[in-house]
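Here the structure is laid out as structure tokens; the discussion comes afterwards.
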Amino acid sequence: MYKRIKLELNEKLIGKSLTDAHRHGLYDIGKVENMENLSVEQWSRYDKFIDYQRKTKKLYDIELLNELKEWIEYSRNENLGVILDTSAKHASRDLKKIYQNYKIRNYHLIKWNKIEQINDKNIPHFIVLPDERLLSNKIISNIISISNRYPTIKFTMHCLESQNQKNVALKKFNMSTIEWLNKHNFLNERLFLVHINEVSRKDIYLIRQNNVNIILCPLMRKPLSYKNPEIPLDLNIYFGTDAPLISKNRSLIDAAIHQAIVWIKHGMNFNEVIEITSNALTKNI
């Protein structure tokens, strides 16, 4: 099935630029000893992974370029016209310079805790919101104020990425993250939710009703063994990849094919899946 999907998809992608809507970080599980024996939920508590995170956050110039080389190779081979680096964890000037040198465009981002830097002459494409662990009434109030003042700004947020994150939301908000965002009238077409591995059917209904965008990282979904509903085709879907964390495979197309296989196994129409998958890879943000 993989070969058939790739063949059909390649026909759809001829002459088009791809959009990786979630090129997250530089971490490669293959570079951290014994990581393959840990569950995703254990990573943030594993000393060697924490040390590796600290190291990658301090990379600049040539060191950062060397760490990015394999990403860049995939980006160029797959004709990635845009990278949206939602991690915001690395030197943004260096990343932007490297991407531009290799003719890979990168959106201007700003983190939620630096919105005071926004003004009429410095309007970012995206504001990166915190996930469930830091999200609060005060933060969402500030974000809504900025949203009202600058109607062109879009927002991206890691949301319900794992069972742990879902539990954090239930404990803090007494409801899912998506229900909480809806309560604050912040579910709309300017919001891009990353992962949503632990959505419920009610969450999916709210996403659909409010035209919210979702960014799937299919190769990240697999090891989390999520038990919630499969993502329907009629949502506004984009693809991204956290793949080096899992499989060392940086290919955005491979990630999309993996999700297409899952959809088809759930009984969805082959031709419709190919159409949705190609659109999710190529439509502009």
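Chain lettering (A, B, ...) mirrors the order of the structure tokens, residue numbering begins at 1 for each chain separately, and ligand numbering begins at 1 in order of display.
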
Subject >> Residue list (strand (DSSP E or B), DSSP) for range 120-254 of chain A, as a PyMOL selection string >> reply: chain A and resi 122+126-129+154-159+191-195+213-216+236-239+241

With the cut-off set at 12 Å and counting only C-alpha atoms, tabulate each residue of range 64-162 of chain A with an atom at most that distance from an atom of range 10-14 of chain A, showing the nearest atom pair and its distance in Å to one decimal, ordered by chain and increasing number, as a Markdown table.
```
| residue | atom | partner | partner_atom | distance |
| --- | --- | --- | --- | --- |
| A:Glu78 | CA | A:Leu13 | CA | 9.5 |
| A:Asn79 | CA | A:Leu13 | CA | 9.6 |
| A:Leu80 | CA | A:Leu13 | CA | 11.2 |
```

Dump of N, CA and C atoms for the selected residues, as an mmCIF file, in the first residue's frame:
```cif
data_model
loop_
_atom_site.group_PDB
_atom_site.id
_atom_site.type_symbol
_atom_site.label_atom_id
_atom_site.label_comp_id
_atom_site.auth_asym_id
_atom_site.auth_seq_id
_atom_site.Cartn_x
_atom_site.Cartn_y
_atom_site.Cartn_z
ATOM 1 N N GLU A 78 12.500 17.490 -1.156
ATOM 2 C CA GLU A 78 11.039 17.410 -1.214
ATOM 3 C C GLU A 78 10.412 18.740 -1.613
ATOM 4 N N ASN A 79 11.247 19.704 -2.012
ATOM 5 C CA ASN A 79 10.746 20.993 -2.486
ATOM 6 C C ASN A 79 9.891 21.688 -1.433
ATOM 7 N N LEU A 80 10.413 21.702 -0.200
ATOM 8 C CA LEU A 80 9.707 22.396 0.870
ATOM 9 C C LEU A 80 9.899 23.900 0.713
#
```

**OP:** Output as a PyMOL selection string all residues of range 2-31 of chain A that backbone DSSP marks as helix (DSSP H, G or I).
**Re:** chain A and resi 2-13+29-31

Could you save the residues just selected, with C-alpha atoms, as a PDB file, in the first residue's frame?
```
ATOM      1  CA  TYR A   2       2.884   2.372   0.788  1.00  0.00           C
ATOM      2  CA  LYS A   3       4.248   2.177  -2.781  1.00  0.00           C
ATOM      3  CA  ARG A   4       0.818   2.697  -4.329  1.00  0.00           C
ATOM      4  CA  ILE A   5       0.097   5.756  -2.165  1.00  0.00           C
ATOM      5  CA  LYS A   6       3.541   7.241  -2.825  1.00  0.00           C
ATOM      6  CA  LEU A   7       3.094   6.792  -6.582  1.00  0.00           C
ATOM      7  CA  GLU A   8      -0.343   8.461  -6.575  1.00  0.00           C
ATOM      8  CA  LEU A   9       0.844  11.203  -4.237  1.00  0.00           C
ATOM      9  CA  ASN A  10       3.934  12.000  -6.292  1.00  0.00           C
ATOM     10  CA  GLU A  11       1.695  12.589  -9.316  1.00  0.00           C
ATOM     11  CA  LYS A  12      -0.320  15.094  -7.282  1.00  0.00           C
ATOM     12  CA  LEU A  13       2.803  16.845  -5.983  1.00  0.00           C
ATOM     13  CA  ILE A  29      16.432  10.129  19.129  1.00  0.00           C
ATOM     14  CA  GLY A  30      19.297   8.260  17.490  1.00  0.00           C
ATOM     15  CA  LYS A  31      21.776  10.594  19.172  1.00  0.00           C
TER      16      LYS A  31
END
```

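Atom to atom, CA of Trp112 in chain A and CA of His195 in chain A stand 18.7 Å apart.
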
Subject >> Distance in Å - CA of Trp43 in chain A versus CA of Met220 in chain A >> reply: 13.2 Å

**OP:** Do a neighbour search on Asp254 in chain A at 12 Å with only C-alpha atoms, toss out local chain neighbours closer than 4 positions, and write the hits as an MDAnalysis selection string.
**Re:** chainID A and resid 2:3 5:7 9:10 74 78 217:219 239:243 247:250 258:261 277 281

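You can rank A:Ile140, A:Leu134, A:Val194, A:Met35 by their closest distance to His158 in chain A using only C-alpha atoms, and at the top of that list sits A:Val194.
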
Subject >> Who sits within 12 Å of Ile98 in chain A, only C-alpha atoms, same chain under 3 positions skipped, as a list in words >> reply: Tyr60, Asp61, Ile62, Glu63, Leu64, Leu65, Asn66, Glu67, Leu68, Lys69, Trp71, Ile72, Ile83, Ala91, Ser92, Arg93, Asp94, Leu95, Asn101, Tyr102, Lys103, Ile104, Arg105 and Asn106 of chain A

Original post:
Could you pull the residues within 7 Å of Ile127 in chain A, counting only C-alpha atoms, minus those fewer than 5 positions along the same chain, as a VMD selection string?
Top reply: chain A and resid 109 to 112 154 to 156

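Relative to CA of His22 in chain A, CA of Leu38 in chain A is found at 23.3 Å.
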
**OP:** Pick out the closest residue to Thr19 in chain A from this set: A:Leu135, A:Val82, A:Met175, A:Leu129. Count only C-alpha atoms.
**Re:** A:Val82
